[in-house]
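A.B. asks: One structure follows; several queries about it will come next.
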Protein chains: 2
Amino acid sequence: MKIRGAPVIGITGAYAVALGALKTDSSDIKKFRNALRGIIEAVAATRPTARNLFFALERMRQVAATAGTAGKTRDVLVAEAQKIHAEEAAATEKISLSGAGLIEDGWTVLTHCNTGPLATSGWGTALGVIIMARQQGKKIDVFVDETRPLLQGARLTAWELQKAGVSFTLVTDSMAGHFISSGRIKCIITGADRIAANGDTANKIGTYTLAVLARENRIPFYIAAPTTTIDRNIKTGRQIPIEERGPEEVTHVRGLSIAPEGVRAANPAFDVTPHGRITAIITEKGIIRPPYTASIKSLF
Amino acid sequence: MKIRGAPVIGITGAYAVALGALKTDSSDIKKFRNALRGIIEAVAATRPTARNLFFALERMRQVAATAGTAGKTRDVLVAEAQKIHAEEAAATEKISLSGAGLIEDGWTVLTHCNTGPLATSGWGTALGVIIMARQQGKKIDVFVDETRPLLQGARLTAWELQKAGVSFTLVTDSMAGHFISSGRIKCIITGADRIAANGDTANKIGTYTLAVLARENRIPFYIAAPTTTIDRNIKTGRQIPIEERGPEEVTHVRGLSIAPEGVRAANPAFDVTPHGRITAIITEKGIIRPPYTASIKSLF
């Protein structure tokens with residue numbers, strides 16, 4: 001959790017494989033490939049949900065197979081990690097530009113978790129859209145969910161919006177509904193950790209609730225994510241593995257106990273928003289809308 | 001906020017008036033009544049949302065008018081406060097008994113904030129229903145929302161359920177939707193701070209969101225509250241005053257800062273759930289259902 005945000009998890013995974021390869025001193029190609037397989041498996045086991053990690057590892061695996069010697073393989077792995085990094089950063093700029101067109105002048109936008117440069121490199125995904133809209137001269141106000149348990153909204157999104165000079169109000173996750181139903185919030189935009197072939201989207205716990213609140217109050221709910229977050233091998237959200245983290249993140253806030261001793265707590269890190277509750281998905285290849293099975297296919 | 005929970009706010013308000021009257025040493029009835037008016041106004045200004053406070057103060061005002069001397073007024077005020085206390089405690093037992101009939105054996109029930117004896121005297125409202133169902137021998141599991149910002153669920157409901165021997169799991173408010181949509185939660189039950197004549201209900205911030213999630217997933221959403229929480233002078237939820245508390249409750253958790261310095265935060269303590277999202281309201285005079293304008297009228 002020192003590394004977080006699906007795109008940055010993918011980029012870091014690629015660099016981790018390249019670094020591991022550089023540290024593997026064997027010049028025997030068979031031994032080197034065995035070691036590389038172990039490195040890729042170890043990196044794959046770090047986080048189960050973010051699609052971008054597996055996308056990046058697959059590219060590293062494929063590019064490694066093209067080089068004939070251990071030395072050359074090390075070179076292509078380093079180059080491929082840098083390429084993935086550059087492509088993901090470039091994708092966030094395209095996402096931010098096309099997404100900004102959906103945000104109207106004067107709107108108040110609600111976002112959840114952290115999807116800025118800290119999580120994605122480049123511009124950010126959902127937060128990139130918001131910051132781009134502001135930089136285009138639109139008057140934008142933002143509501144930031146604190147995003148319990150790990151408070152990525154309060155700690156990271158608040159900091160990034162301060163730095164970007166965007167006006168915002170911090171709220172607890174439980175307050176979003178109040179401001180949505182009062183008419184204050186004009187749209188909701190979040191990132192994604194994995195998008196199934198039918199558009200069902202896994203993202204930070206609490207995202208599903210926002211999508212339901214958006215539908216109830218007839219405001220748009222947008223997902224912003226690079227196409228590397230889309231997993232066409234997975235048909236629906238039911239098949240997306242959801243990371244279950246330790247209970248102490250719920251029973252404690254930054255090390256401080258907030259519940260009686262011995263309390264049982266659940267801690268799913270992500271939830272799945274069904275495609276029927278998503279107004280549009282903003283990718284670097286364009287904005288797609290329902291029916292997602294067809295519109296996702298058209299992206300590839 | 002040392003005193004919280006609508007019924008206990010009402011009971012404590014009545015005792016505060018009685019205590020104030022005992023400390024007012026004037027034997028001149030006019031001077032005494034002037035002082036009493038000031039005491040009631042001061043108590044009324046403590047919390048704007050909970051209906052029970054204004055109900056209790058109105059009863060204290062009325063009973064004070066029936067006694068001819070300062071001494072006698074003091075006596076009737078003490079007696080009336082004790083009567084309000086006894087009636088509210090008795091009401092929670094009736095609520096718990098009739099509400100328990102709605103909870104089926106084997107169900108997992110989700111609740112928000114704290115509605116046990118600490119908040120209501122007697123059995124509790126929503127929590128009383130849950131504990132009564134368990135004591136009737138039903139196998140009940142509970143999901144407890146931590147209830148940011150002040151964590152009444154994590155601190156108080158968790159403690160009360162531990163004491164009552166009821167099995168429960170603590171979750172952040174943002175996790176409720178995940179467990180509701182997965183089919184794990186069979187019903188939601190919360191208390192109320194003020195119920196308008198049409199059934200619109202103000203309760204702890206986050207309650208509205210749970211009612212919307214219940215409707216989306218076709219499970220019942222129940223309110224448990226004494227009839228003293230119903231305010232027939234208020235036609236709809238739009239007229240219920242919502243207490244706005246200090247931003248430091250959002251930017252800090254139990255004194256620990258969780259956001260960058262200088263961040264703006266909103267902190268509405270309550271939200272309003274529209275009557276159309278409430279399956280039933282459990283009162284000490286019986287369970288009422290839509291249309292609430294008629295069913296509420298029938299209670300009085």
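FYI, nothing fancy with the structure tokens labels: chains A, B, ... in order, residues from 1 per chain, ligands from 1 as they appear.
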Set out as CSV a contact list for chain A and chain B with a cut-off of 8 Å, giving each residue of chain A that qualifies its closest atom pair and distance in Å to one decimal, counting only C-alpha atoms, ordered by chain and rising residue number.
C.D. replies:
residue,atom,partner,partner_atom,distance
A:Thr147,CA,B:Ser174,CA,7.6
A:Arg148,CA,B:Thr172,CA,6.4
A:Pro149,CA,B:Thr172,CA,6.6
A:Leu151,CA,B:Ile258,CA,7.5
A:Ala154,CA,B:Ala259,CA,4.9
A:Arg155,CA,B:Ala259,CA,5.0
A:Ala158,CA,B:Pro260,CA,6.9
A:Trp159,CA,B:Pro260,CA,6.2
A:Phe168,CA,B:Arg264,CA,7.0
A:Thr169,CA,B:Ala265,CA,5.0
A:Leu170,CA,B:Ala265,CA,4.4
A:Val171,CA,B:Ala266,CA,5.8
A:Thr172,CA,B:Arg148,CA,6.4
A:Asp173,CA,B:Ser174,CA,6.1
A:Ser174,CA,B:Gly206,CA,4.3
A:Met175,CA,B:Gly206,CA,5.9
A:Gly177,CA,B:Thr209,CA,5.4
A:His178,CA,B:Asp271,CA,5.8
A:Ile205,CA,B:Met175,CA,6.1
A:Gly206,CA,B:Ser174,CA,4.3
A:Tyr208,CA,B:Gly177,CA,6.7
A:Thr209,CA,B:Gly177,CA,5.4
A:Val212,CA,B:Leu213,CA,7.0
A:Leu213,CA,B:Val212,CA,7.0
A:Glu216,CA,B:Val212,CA,7.3
A:Val250,CA,B:Thr172,CA,6.6
A:Thr251,CA,B:Ala154,CA,7.7
A:Val253,CA,B:Val253,CA,7.4
A:Ile258,CA,B:Arg155,CA,6.3
A:Ala259,CA,B:Ala154,CA,4.9
A:Pro260,CA,B:Trp159,CA,6.2
A:Val263,CA,B:Leu170,CA,7.2
A:Arg264,CA,B:Thr169,CA,5.1
A:Ala265,CA,B:Leu170,CA,4.4
A:Ala266,CA,B:Val171,CA,5.7
A:Asn267,CA,B:Val171,CA,7.0
A:Pro268,CA,B:Met175,CA,7.5
A:Asp271,CA,B:His178,CA,5.8
A:Val272,CA,B:His178,CA,7.7
A.B. asks: Would you mind exporting the chosen residues as a compact mmCIF listing (two decimals), in the first residue's frame, restricted to N, CA, C and O atoms?
C.D. replies:
# COMPACT_ATOMS: atom_id res chain seq x y z
N THR A 147 -12.83 8.86 2.09
CA THR A 147 -12.47 7.52 1.63
C THR A 147 -11.84 6.66 2.73
O THR A 147 -10.65 6.31 2.71
N ARG A 148 -12.70 6.36 3.74
CA ARG A 148 -12.29 5.38 4.73
C ARG A 148 -12.22 4.01 4.08
O ARG A 148 -12.94 3.78 3.11
N PRO A 149 -11.39 3.08 4.53
CA PRO A 149 -10.60 3.21 5.76
C PRO A 149 -9.27 3.96 5.62
O PRO A 149 -8.80 4.50 6.61
N LEU A 151 -8.34 6.65 3.93
CA LEU A 151 -8.40 8.12 3.87
C LEU A 151 -7.59 8.71 2.71
O LEU A 151 -7.02 9.81 2.83
N ALA A 154 -8.91 12.29 1.94
CA ALA A 154 -8.52 13.33 2.90
C ALA A 154 -7.02 13.61 2.83
O ALA A 154 -6.58 14.75 2.96
N ARG A 155 -6.23 12.55 2.66
CA ARG A 155 -4.77 12.72 2.70
C ARG A 155 -4.19 13.14 1.36
O ARG A 155 -3.35 14.04 1.29
N ALA A 158 -7.03 15.72 -1.34
CA ALA A 158 -7.07 17.08 -0.78
C ALA A 158 -5.74 17.80 -1.06
O ALA A 158 -5.72 18.97 -1.46
N TRP A 159 -4.65 17.09 -0.87
CA TRP A 159 -3.31 17.67 -1.09
C TRP A 159 -3.11 18.02 -2.56
O TRP A 159 -2.64 19.10 -2.90
N PHE A 168 -12.24 23.08 -3.15
CA PHE A 168 -12.91 21.82 -2.76
C PHE A 168 -13.34 21.83 -1.31
O PHE A 168 -12.87 22.64 -0.51
N THR A 169 -14.24 20.89 -0.99
CA THR A 169 -14.74 20.68 0.37
C THR A 169 -14.57 19.21 0.70
O THR A 169 -14.98 18.35 -0.07
N LEU A 170 -13.97 18.95 1.84
CA LEU A 170 -13.79 17.57 2.30
C LEU A 170 -15.05 17.12 3.06
O LEU A 170 -15.58 17.88 3.87
N VAL A 171 -15.52 15.92 2.77
CA VAL A 171 -16.67 15.36 3.50
C VAL A 171 -16.37 13.90 3.87
O VAL A 171 -15.53 13.26 3.23
N THR A 172 -17.06 13.39 4.88
CA THR A 172 -16.98 11.96 5.15
C THR A 172 -17.78 11.24 4.06
O THR A 172 -18.66 11.82 3.42
N ASP A 173 -17.48 9.96 3.86
CA ASP A 173 -18.16 9.19 2.81
C ASP A 173 -19.67 9.19 3.02
O ASP A 173 -20.44 9.17 2.06
N SER A 174 -20.09 9.22 4.28
CA SER A 174 -21.52 9.16 4.61
C SER A 174 -22.26 10.45 4.26
O SER A 174 -23.48 10.48 4.28
N MET A 175 -21.54 11.53 3.96
CA MET A 175 -22.17 12.82 3.66
C MET A 175 -22.48 13.00 2.17
O MET A 175 -23.23 13.90 1.79
N GLY A 177 -24.27 11.41 0.02
CA GLY A 177 -25.70 11.30 -0.32
C GLY A 177 -26.47 12.57 -0.01
O GLY A 177 -27.33 12.99 -0.80
N HIS A 178 -26.16 13.18 1.11
CA HIS A 178 -26.85 14.42 1.51
C HIS A 178 -26.63 15.53 0.47
O HIS A 178 -27.57 16.22 0.08
N ILE A 205 -13.63 0.76 -2.44
CA ILE A 205 -14.85 0.53 -1.66
C ILE A 205 -15.60 1.87 -1.45
O ILE A 205 -14.99 2.86 -1.07
N GLY A 206 -16.89 1.86 -1.72
CA GLY A 206 -17.71 3.07 -1.61
C GLY A 206 -18.15 3.59 -2.97
O GLY A 206 -19.12 4.36 -3.05
N TYR A 208 -19.51 1.93 -5.55
CA TYR A 208 -20.84 1.40 -5.92
C TYR A 208 -21.96 2.25 -5.33
O TYR A 208 -22.93 2.59 -6.00
N THR A 209 -21.80 2.61 -4.06
CA THR A 209 -22.82 3.42 -3.37
C THR A 209 -23.00 4.76 -4.08
O THR A 209 -24.14 5.23 -4.24
N VAL A 212 -25.09 4.33 -7.20
CA VAL A 212 -26.51 4.15 -6.86
C VAL A 212 -27.14 5.49 -6.50
O VAL A 212 -28.25 5.82 -6.92
N LEU A 213 -26.42 6.30 -5.74
CA LEU A 213 -26.91 7.63 -5.37
C LEU A 213 -27.07 8.52 -6.61
O LEU A 213 -28.01 9.31 -6.70
N GLU A 216 -30.26 7.41 -8.39
CA GLU A 216 -31.44 7.84 -7.61
C GLU A 216 -31.74 9.32 -7.84
O GLU A 216 -32.88 9.74 -7.86
N VAL A 250 -9.81 -0.88 9.78
CA VAL A 250 -11.16 -0.42 10.13
C VAL A 250 -11.24 -0.07 11.62
O VAL A 250 -11.81 0.95 11.99
N THR A 251 -10.65 -0.91 12.46
CA THR A 251 -10.74 -0.68 13.91
C THR A 251 -9.80 0.43 14.38
O THR A 251 -9.90 0.87 15.52
N VAL A 253 -7.64 4.20 13.12
CA VAL A 253 -7.40 5.27 12.14
C VAL A 253 -5.98 5.76 12.37
O VAL A 253 -5.67 6.31 13.43
N ILE A 258 -10.29 2.96 17.43
CA ILE A 258 -11.58 3.67 17.47
C ILE A 258 -12.71 2.74 17.88
O ILE A 258 -13.88 3.14 17.85
N ALA A 259 -12.41 1.49 18.25
CA ALA A 259 -13.47 0.52 18.59
C ALA A 259 -13.03 -0.27 19.81
O ALA A 259 -11.85 -0.34 20.12
N PRO A 260 -14.00 -0.89 20.52
CA PRO A 260 -13.62 -1.70 21.67
C PRO A 260 -12.69 -2.85 21.24
O PRO A 260 -12.74 -3.30 20.09
N VAL A 263 -13.14 -6.49 18.64
CA VAL A 263 -14.23 -6.34 17.68
C VAL A 263 -13.84 -6.97 16.34
O VAL A 263 -12.72 -6.82 15.88
N ARG A 264 -14.79 -7.68 15.70
CA ARG A 264 -14.55 -8.22 14.36
C ARG A 264 -14.87 -7.12 13.33
O ARG A 264 -15.84 -6.39 13.48
N ALA A 265 -14.03 -7.01 12.32
CA ALA A 265 -14.27 -6.01 11.27
C ALA A 265 -14.04 -6.63 9.91
O ALA A 265 -13.18 -7.50 9.76
N ALA A 266 -14.80 -6.18 8.92
CA ALA A 266 -14.58 -6.59 7.53
C ALA A 266 -13.85 -5.46 6.82
O ALA A 266 -13.96 -4.30 7.22
N ASN A 267 -13.09 -5.80 5.79
CA ASN A 267 -12.32 -4.76 5.10
C ASN A 267 -12.08 -5.08 3.62
O ASN A 267 -10.94 -5.22 3.18
N PRO A 268 -13.19 -5.17 2.85
CA PRO A 268 -13.00 -5.33 1.41
C PRO A 268 -12.48 -4.01 0.85
O PRO A 268 -13.05 -2.96 1.13
N ASP A 271 -15.22 -2.45 -4.36
CA ASP A 271 -16.54 -3.00 -4.64
C ASP A 271 -16.76 -2.94 -6.15
O ASP A 271 -15.94 -2.38 -6.88
N VAL A 272 -17.84 -3.56 -6.59
CA VAL A 272 -18.11 -3.62 -8.02
C VAL A 272 -19.38 -2.82 -8.34
O VAL A 272 -20.42 -3.05 -7.74
A.B. asks: What does the distance from atom CA of Thr201 of chain A to atom CA of Gly237 of chain A come to in Å, to one decimal?
C.D. replies: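 Atom-to-atom, atom CA of Thr201 of chain A and atom CA of Gly237 of chain A are spaced 6.4 Å apart.
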A.B. asks: Work out how far apart atom CA of Ala90 of chain A and atom CA of Gly122 of chain A are and give it in Å to one decimal.
C.D. replies: 6.7 Å
A.B. asks: Quote the spacing between atom CA of Ile188 of chain A and atom CA of Leu110 of chain A in Å to one decimal place.
C.D. replies: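 Separation between atom CA of Ile188 of chain A and atom CA of Leu110 of chain A: 4.8 Å.
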